[in-house]
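Participant: Structure file work_27.cif (mmCIF, C-alpha atoms and all ligand atoms) right here:
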```cif
data_data
loop_
_atom_site.label_atom_id
_atom_site.label_comp_id
_atom_site.auth_asym_id
_atom_site.auth_seq_id
_atom_site.Cartn_x
_atom_site.Cartn_y
_atom_site.Cartn_z
CA MET A 1 32.01 2.20 27.09
CA VAL A 2 28.34 3.16 27.35
CA SER A 3 25.59 1.15 25.83
CA SER A 4 23.95 3.12 23.05
CA GLU A 5 21.08 0.61 22.84
CA GLU A 6 18.82 2.60 25.08
CA TYR A 7 18.45 5.54 22.74
CA ASN A 8 17.95 3.87 19.36
CA ASP A 9 14.55 5.56 19.03
CA VAL A 10 16.04 8.98 19.79
CA TYR A 11 18.72 8.51 17.16
CA LYS A 12 16.01 7.49 14.67
CA LEU A 13 14.27 10.83 15.22
CA VAL A 14 17.55 12.70 14.68
CA LYS A 15 18.24 10.67 11.55
CA MET A 16 14.93 11.87 10.05
CA ARG A 17 16.26 15.43 10.08
CA SER A 18 19.99 15.08 9.64
CA ASP A 19 22.68 13.01 7.94
CA ILE A 20 24.71 12.56 11.12
CA SER A 21 26.13 9.06 11.42
CA ARG A 22 25.50 6.84 14.40
CA GLU A 23 29.12 7.09 15.41
CA GLU A 24 29.15 10.91 15.39
CA PHE A 25 25.94 10.96 17.38
CA ASP A 26 27.34 8.50 19.94
CA ASN A 27 30.39 10.76 20.31
CA LEU A 28 28.24 13.81 21.02
CA VAL A 29 26.29 11.83 23.60
CA ARG A 30 29.48 10.63 25.28
CA ASP A 31 30.93 14.19 25.33
CA LEU A 32 27.84 15.51 27.06
CA MET A 33 27.88 12.66 29.59
CA ASN A 34 31.50 13.41 30.42
CA LYS A 35 30.83 17.13 30.73
CA THR A 36 27.95 16.53 33.15
CA GLU A 37 30.05 14.14 35.23
CA GLY A 38 27.70 11.19 35.39
CA LYS A 39 24.52 13.11 36.15
CA LEU A 40 22.89 11.91 32.93
CA SER A 41 22.13 8.46 31.60
CA PRO A 42 22.99 7.82 27.95
CA ARG A 43 19.32 8.21 27.05
CA ALA A 44 18.97 11.54 28.86
CA ALA A 45 22.11 12.85 27.16
CA ALA A 46 20.83 11.66 23.78
CA ILE A 47 17.53 13.51 24.27
CA ILE A 48 19.43 16.74 25.02
CA VAL A 49 21.75 16.29 22.02
CA ALA A 50 18.72 15.57 19.81
CA ARG A 51 17.39 19.09 20.47
CA ARG A 52 20.25 20.51 18.42
CA PHE A 53 18.88 18.60 15.42
CA GLY A 54 15.34 19.92 15.74
CA VAL A 55 13.78 16.94 17.52
CA GLU A 56 10.75 18.42 19.27
CA SER A 57 9.60 17.24 22.68
CA TYR A 58 6.32 16.02 21.13
CA ASP A 59 8.32 13.61 18.94
CA LEU A 60 9.54 11.89 22.12
CA PHE A 61 6.08 11.49 23.60
CA TYR A 62 4.36 10.67 20.32
CA PRO A 63 6.87 9.41 17.74
CA PRO A 64 6.04 10.40 14.13
CA ILE A 65 3.54 8.08 12.45
CA ILE A 66 4.04 7.09 8.83
CA GLY A 67 1.26 5.47 6.80
CA ARG A 68 -0.85 5.45 3.66
CA ILE A 69 -4.16 7.29 3.82
CA VAL A 70 -6.71 4.52 3.35
CA GLU A 71 -9.77 6.70 3.96
CA VAL A 72 -10.87 10.23 4.67
CA GLY A 73 -14.45 10.88 5.74
CA PRO A 74 -16.69 13.80 4.78
CA VAL A 75 -15.81 17.25 6.10
CA ARG A 76 -17.67 18.15 9.27
CA TYR A 77 -17.61 21.26 11.44
CA THR A 78 -17.18 21.80 15.15
CA LYS A 79 -20.22 23.23 16.85
CA GLY A 80 -20.01 26.56 18.61
CA THR A 81 -20.85 30.19 18.28
CA GLN A 82 -17.33 31.26 17.34
CA GLU A 83 -15.58 30.35 14.12
CA ARG A 84 -16.45 26.84 12.99
CA THR A 85 -13.46 24.58 12.45
CA PRO A 86 -13.62 21.89 9.73
CA PHE A 87 -12.54 18.37 10.68
CA VAL A 88 -12.41 14.89 9.16
CA LEU A 89 -12.03 11.34 10.40
CA PHE A 90 -9.32 9.41 8.59
CA SER A 91 -7.31 6.19 8.77
CA ILE A 92 -3.77 5.40 7.78
CA VAL A 93 -2.13 1.98 7.44
CA ASP A 94 1.39 0.63 7.40
CA GLU A 95 2.66 -2.96 7.38
CA ARG A 96 1.60 -3.60 10.98
CA ARG A 97 -1.38 -1.50 11.94
CA ARG A 98 -4.30 0.74 11.06
CA VAL A 99 -4.46 4.04 12.91
CA LEU A 100 -7.71 5.96 13.17
CA GLY A 101 -7.48 9.73 13.51
CA VAL A 102 -9.37 12.98 13.55
CA ALA A 103 -7.81 16.06 11.94
CA PHE A 104 -8.87 19.62 12.62
CA GLY A 105 -8.29 22.75 10.56
CA GLU A 106 -8.68 23.66 6.91
CA HIS A 107 -5.04 22.97 6.00
CA ASN A 108 -4.98 19.45 7.48
CA VAL A 109 -8.38 18.60 5.98
CA GLU A 110 -7.19 19.75 2.55
CA ILE A 111 -3.94 17.72 2.68
CA LEU A 112 -5.72 14.55 3.80
CA ARG A 113 -8.56 14.83 1.29
CA SER A 114 -6.25 15.35 -1.67
CA ASN A 115 -3.84 12.50 -0.87
CA GLU A 116 -5.86 9.30 -0.71
CA ASP A 117 -3.55 6.24 -0.79
CA ASN A 118 -0.43 8.44 -0.56
CA VAL A 119 2.25 8.12 2.15
CA ILE A 120 2.21 10.76 4.87
CA MET A 121 4.06 11.41 8.11
CA ILE A 122 2.24 12.98 11.05
CA ARG A 123 4.12 14.76 13.84
CA GLY A 124 2.87 16.60 16.88
CA TYR A 125 -0.38 14.67 17.30
CA THR A 126 -1.85 13.52 20.59
CA LYS A 127 -3.83 10.41 21.52
CA MET A 128 -7.57 10.34 21.96
CA ARG A 129 -10.58 8.04 22.09
CA LEU A 130 -12.61 8.04 18.88
CA GLU A 131 -15.95 6.32 19.03
CA LYS A 132 -14.99 2.92 20.47
CA TYR A 133 -11.43 3.06 19.22
CA SER A 134 -8.22 4.65 20.38
CA GLY A 135 -6.91 7.08 17.83
CA ILE A 136 -4.85 10.16 17.22
CA LYS A 137 -5.83 13.80 17.20
CA VAL A 138 -4.24 16.09 14.63
CA THR A 139 -4.58 19.80 15.32
CA GLU A 140 -3.32 23.00 13.72
CA ASN A 141 -0.12 22.55 15.77
CA SER A 142 0.55 19.17 14.16
CA VAL A 143 2.54 18.71 10.97
CA ILE A 144 1.44 16.47 8.09
CA GLU A 145 4.10 15.85 5.48
CA ILE A 146 3.74 13.97 2.18
CA LEU A 147 6.53 11.42 1.82
CA ASP A 148 7.94 9.76 -1.26
CA ASP A 149 5.66 6.99 -2.50
CA THR A 150 8.43 4.40 -2.18
CA THR A 151 8.59 4.92 1.61
CA LEU A 152 5.99 2.15 2.00
CA PRO A 153 4.87 -0.76 -0.20
CA PRO A 154 1.74 -0.16 -2.36
CA ILE A 155 -1.51 -0.11 -0.42
CA THR A 156 -2.53 -3.48 -1.90
CA GLU A 157 0.45 -5.03 -0.09
CA LEU A 158 -0.34 -3.56 3.33
CA LYS A 159 -2.22 -6.20 5.30
CA PRO A 160 -4.04 -3.84 7.71
CA ALA A 161 -5.71 -2.22 4.67
CA TRP A 162 -7.51 -5.50 3.86
CA ALA A 163 -10.83 -6.89 5.01
CA GLU A 164 -10.96 -10.67 5.33
CA SER A 165 -14.33 -10.79 3.50
CA LEU A 166 -17.27 -8.79 2.16
CA LYS A 167 -19.17 -9.67 5.33
CA PHE A 168 -16.38 -8.04 7.33
CA VAL A 169 -16.80 -4.83 5.29
CA MET A 170 -20.54 -4.91 6.04
CA GLU A 171 -19.95 -5.32 9.76
CA HIS A 172 -17.12 -2.85 10.37
CA ARG A 173 -16.75 0.87 10.02
CA GLY A 174 -14.23 2.27 7.60
CA ALA A 175 -12.85 1.64 4.13
CA TRP A 176 -11.23 -1.68 3.29
CA LEU A 177 -9.56 -3.40 0.39
CA VAL A 178 -11.36 -6.60 -0.46
CA LYS A 179 -11.46 -9.20 -3.22
CA ALA A 180 -14.83 -10.18 -4.70
CA ILE A 181 -16.49 -11.81 -7.68
CA VAL A 182 -18.95 -9.71 -9.70
CA LEU A 183 -22.04 -11.91 -10.11
CA GLU A 184 -24.27 -9.33 -11.82
CA GLU A 185 -24.00 -5.76 -13.01
CA ILE A 186 -26.53 -3.19 -14.16
CA THR A 187 -26.24 0.49 -14.93
CA SER A 188 -28.77 3.30 -14.88
CA GLU A 189 -28.80 7.06 -15.37
CA TYR A 190 -29.67 9.78 -12.93
CA SER A 191 -29.81 13.59 -12.96
CA ALA A 192 -26.84 15.05 -11.13
CA CYS A 193 -25.56 18.42 -9.95
CA PRO A 194 -22.89 19.61 -12.44
CA LEU A 195 -20.79 20.91 -9.53
CA CYS A 196 -20.67 17.91 -7.19
CA GLY A 197 -22.30 14.96 -8.98
CA LYS A 198 -24.91 14.39 -6.27
CA GLY A 199 -28.41 13.41 -7.33
CA VAL A 200 -30.70 16.40 -7.80
CA GLU A 201 -34.39 16.64 -7.05
CA MET A 202 -37.06 18.43 -9.07
CA VAL A 203 -39.27 20.69 -6.96
CA GLU A 204 -42.00 22.36 -9.01
CA ASP A 205 -40.06 23.56 -12.07
CA SER A 206 -36.57 23.79 -10.58
CA TRP A 207 -33.70 21.42 -9.84
CA TYR A 208 -32.19 21.30 -6.36
CA CYS A 209 -28.86 19.84 -5.24
CA PRO A 210 -28.67 18.79 -1.56
CA GLU A 211 -25.37 20.64 -1.33
CA HIS A 212 -25.65 23.55 -3.77
CA GLY A 213 -29.34 24.41 -3.68
CA GLN A 214 -31.07 25.45 -6.88
CA ILE A 215 -29.13 24.77 -10.08
CA ASP A 216 -29.85 25.66 -13.72
CA GLN A 217 -29.43 22.42 -15.54
CA PRO A 218 -28.49 18.97 -14.24
CA VAL A 219 -26.09 16.68 -16.05
CA THR A 220 -26.77 13.01 -16.72
CA GLU A 221 -24.56 10.64 -14.73
CA ARG A 222 -24.46 6.88 -14.63
CA ILE A 223 -24.54 4.67 -11.60
CA TRP A 224 -23.41 1.05 -11.53
CA ARG A 225 -24.93 -1.58 -9.29
CA TYR A 226 -23.25 -4.89 -8.66
CA LEU A 227 -23.94 -8.13 -6.90
CA LEU A 228 -20.64 -9.01 -5.26
CA ALA A 229 -19.83 -12.45 -3.91
CA ASP A 230 -17.19 -14.24 -1.91
CA SER A 231 -17.25 -17.17 0.50
CA SER A 232 -19.00 -14.99 3.12
CA GLY A 233 -22.09 -14.24 1.01
CA VAL A 234 -23.67 -12.11 -1.73
CA PHE A 235 -23.98 -8.35 -1.27
CA GLN A 236 -25.26 -5.35 -3.21
CA ALA A 237 -22.77 -2.69 -4.18
CA ILE A 238 -22.86 0.74 -5.82
CA TYR A 239 -20.28 2.63 -7.85
CA PHE A 240 -20.54 6.19 -9.17
CA LYS A 241 -17.59 6.50 -11.50
CA GLU A 242 -16.56 4.94 -14.79
CA PRO A 243 -15.73 1.25 -14.17
CA PRO A 244 -12.30 0.00 -15.25
CA LYS A 245 -13.81 -2.36 -17.85
CA ASP A 246 -17.03 -2.40 -19.90
CA ARG A 247 -17.96 -5.76 -18.55
CA LEU A 248 -17.06 -6.99 -15.08
CA LYS A 249 -19.57 -9.82 -14.81
CA ASP A 250 -17.99 -13.09 -13.61
CA LYS A 251 -14.66 -11.36 -13.08
CA GLU A 252 -12.79 -11.20 -9.80
CA VAL A 253 -11.97 -7.66 -8.71
CA ILE A 254 -9.91 -5.94 -6.03
CA ILE A 255 -11.74 -2.91 -4.68
CA LYS A 256 -11.72 -0.43 -1.85
CA ALA A 257 -15.14 -0.17 -0.25
CA TYR A 258 -17.15 0.77 2.82
CA SER A 259 -20.67 -0.10 3.89
CA LYS A 260 -23.61 2.18 4.55
CA ASP A 261 -27.28 1.33 4.98
CA GLU A 262 -26.80 -2.37 4.17
CA GLU A 263 -25.01 -1.60 0.90
CA ILE A 264 -21.38 -1.65 -0.13
CA TYR A 265 -20.05 1.57 -1.67
CA ILE A 266 -17.13 0.96 -4.01
CA MET A 267 -14.56 3.76 -3.76
CA ARG A 268 -12.12 2.48 -6.34
CA PHE A 269 -11.05 -0.53 -8.37
CA TYR A 270 -7.43 -1.64 -8.05
CA ASP A 271 -7.46 -4.64 -10.30
CA VAL A 272 -9.64 -6.85 -12.47
CA LEU A 273 -8.20 -10.35 -12.36
CA GLU A 274 -8.19 -12.28 -15.58
CA THR A 275 -9.07 -15.59 -13.99
CA GLU A 276 -12.27 -17.07 -15.36
CA ILE A 277 -14.36 -17.72 -12.28
CA VAL A 278 -17.54 -19.08 -13.78
CA MET A 279 -17.43 -21.99 -16.19
CA SER A 280 -19.18 -21.24 -19.45
CA GLU A 281 -21.88 -23.74 -20.44
ZN ZN B 301 -24.08 20.06 -5.92
#
```
Just dump the structure as structure tokens.

Facilitator:
Amino acid sequence: MVSSEEYNDVYKLVKMRSDISREEFDNLVRDLMNKTEGKLSPRAAAIIVARRFGVESYDLFYPPIIGRIVEVGPVRYTKGTQERTPFVLFSIVDERRRVLGVAFGEHNVEILRSNEDNVIMIRGYTKMRLEKYSGIKVTENSVIEILDDTTLPPITELKPAWAESLKFVMEHRGAWLVKAIVLEEITSEYSACPLCGKGVEMVEDSWYCPEHGQIDQPVTERIWRYLLADSSGVFQAIYFKEPPKDRLKDKEVIIKAYSKDEEIYIMRFYDVLETEIVMSE
């Protein structure tokens, strides 16, 4: 009787593509071992059998990664005289880890940018160094698949998505979930590009968007500024969309945020906790 322990990971890859039971798979492995008269270990035989079920060699070197997209950076372009390829930096999280990646190609960029917080599976990536971190490289030969949302717990329950404090958000790259108390809030209006919402500038008699150039007529948008606090300090934050409640002052909130130029940018609100933080006089 052969030990089937040593190819658990191979069977897992097969199981992602087929309904074959463990017992049936073990039988196929044993048949092949018998046929090759002891030239193959159980693991080697399992790898050969797995080919029949569409397991690609890249799956064996770099097993598929499953995670929620916690952040996707702005679209950038490779330099060069030929066709410019768009790419983005992104991070995904599961229960155990946060994986930083770079994805090349219009299709990959589009999938990542339209699926924030959703569960994806990446196959056919390779490893690479990204800034100071080790990460993964997703190319046009890789496959990104959207998985059912129940594949992983909600993002608020995935520990690697969380920053330990606001100070941590200020000192680390990337987007993080964090809990904070809103000490103060103010709102103001600004003139924005109707296409992208960025602030526009008036030059002589015309409006200019940094992205779209000259535009006819700006729209009026609101910006919210907050003083956020936790045990690590008090920090300024900005938010560009409609807040979840008219009044957040003195409330505790769960947000996703990143830091830039000494300020915290709030990407989204997950929850406004009903606990009364500040005692009324
Ligand atoms: Zn614009």

Participant: If we count all atoms listed in the file and set the cut-off at 10 Å, which residues sit around A:Ala46, ignoring sequence neighbours fewer than 3 positions away in its own chain? Please answer as a list in words.

Facilitator: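 Near neighbours after the sequence-gap exclusion: Ser4, Glu6, Tyr7, Asn8, Asp9, Val10, Tyr11, Val14, Phe25, Asp26, Leu28, Val29, Arg30, Leu32, Met33, Leu40, Ser41, Pro42, Arg43, Val49, Ala50 and Arg51 of chain A.
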
Participant: Restricting the calculation to only C-alpha atoms: of A:Ile20, A:Leu248, A:Val138, A:Ile155, which residue gets closest to A:Glu71?

Facilitator: A:Ile155

Participant: Mind dumping a table of every chain A residue within 9 Å of ligand ZN 301 (chain B), with the nearest atom pair and its distance in Å to one decimal, using all atoms listed in the file, sorted by chain and rising number, as CSV?

Facilitator:
```
residue,atom,partner,partner_atom,distance
A:Ala192,CA,B:ZN301,ZN,7.7
A:Cys193,CA,B:ZN301,ZN,4.6
A:Pro194,CA,B:ZN301,ZN,6.6
A:Leu195,CA,B:ZN301,ZN,5.0
A:Cys196,CA,B:ZN301,ZN,4.2
A:Gly197,CA,B:ZN301,ZN,6.2
A:Lys198,CA,B:ZN301,ZN,5.7
A:Gly199,CA,B:ZN301,ZN,8.1
A:Val200,CA,B:ZN301,ZN,7.8
A:Tyr208,CA,B:ZN301,ZN,8.2
A:Cys209,CA,B:ZN301,ZN,4.8
A:Pro210,CA,B:ZN301,ZN,6.5
A:Glu211,CA,B:ZN301,ZN,4.8
A:His212,CA,B:ZN301,ZN,4.4
A:Gly213,CA,B:ZN301,ZN,7.2
A:Gln214,CA,B:ZN301,ZN,8.9
A:Ile215,CA,B:ZN301,ZN,8.1
```

Participant: Mind pulling up the distance from atom CA of A:Lys249 to atom CA of A:Thr220?

Facilitator: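 According to the coordinates, atom CA of A:Thr220 and atom CA of A:Lys249 are separated by 24.0 Å.
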
Participant: What separation in Å, quoted to one decimal, exists between atom CA of A:Arg247 and atom CA of A:Val72?

Facilitator: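 Spanning atom CA of A:Arg247 to atom CA of A:Val72 is a straight-line distance of 29.1 Å.
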
Participant: Mind giving me the straight-line distance from atom CA of A:Tyr77 to atom CA of A:Gly101 in Å, one decimal?

Facilitator: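 Spanning atom CA of A:Tyr77 to atom CA of A:Gly101 is a straight-line distance of 15.5 Å.
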
Participant: Return stretch 234-249 of chain A, completed with N, CA and C atoms, as a compact mmCIF listing (two decimals), in the frame of the given file.

Facilitator:
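Result file part_1.txt:
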```txt
# COMPACT_ATOMS: atom_id res chain seq x y z
N VAL A 234 -23.39 -12.93 -0.54
CA VAL A 234 -23.67 -12.11 -1.73
C VAL A 234 -24.19 -10.76 -1.24
N PHE A 235 -23.64 -9.67 -1.78
CA PHE A 235 -23.98 -8.35 -1.27
C PHE A 235 -24.18 -7.37 -2.43
N GLN A 236 -25.06 -6.38 -2.21
CA GLN A 236 -25.26 -5.35 -3.21
C GLN A 236 -24.24 -4.25 -3.06
N ALA A 237 -23.76 -3.75 -4.21
CA ALA A 237 -22.77 -2.69 -4.18
C ALA A 237 -23.11 -1.61 -5.21
N ILE A 238 -22.61 -0.41 -4.95
CA ILE A 238 -22.86 0.74 -5.82
C ILE A 238 -21.53 1.38 -6.19
N TYR A 239 -21.48 1.90 -7.43
CA TYR A 239 -20.28 2.63 -7.85
C TYR A 239 -20.71 3.81 -8.71
N PHE A 240 -20.09 4.97 -8.50
CA PHE A 240 -20.54 6.19 -9.17
C PHE A 240 -19.63 6.65 -10.29
N LYS A 241 -18.49 6.02 -10.44
CA LYS A 241 -17.59 6.50 -11.50
C LYS A 241 -17.57 5.53 -12.66
N GLU A 242 -16.68 5.80 -13.62
CA GLU A 242 -16.56 4.94 -14.79
C GLU A 242 -15.83 3.66 -14.37
N PRO A 243 -16.43 2.48 -14.58
CA PRO A 243 -15.73 1.25 -14.17
C PRO A 243 -14.50 0.99 -15.03
N PRO A 244 -13.56 0.20 -14.54
CA PRO A 244 -12.30 0.00 -15.25
C PRO A 244 -12.46 -0.82 -16.53
N LYS A 245 -13.58 -1.57 -16.64
CA LYS A 245 -13.81 -2.36 -17.85
C LYS A 245 -15.29 -2.30 -18.19
N ASP A 246 -15.62 -2.43 -19.48
CA ASP A 246 -17.03 -2.40 -19.90
C ASP A 246 -17.83 -3.48 -19.21
N ARG A 247 -17.22 -4.64 -19.09
CA ARG A 247 -17.96 -5.76 -18.55
C ARG A 247 -17.16 -6.39 -17.42
N LEU A 248 -17.75 -6.40 -16.23
CA LEU A 248 -17.06 -6.99 -15.08
C LEU A 248 -17.69 -8.31 -14.65
N LYS A 249 -18.82 -8.63 -15.22
CA LYS A 249 -19.57 -9.82 -14.81
C LYS A 249 -18.68 -11.07 -14.85
```
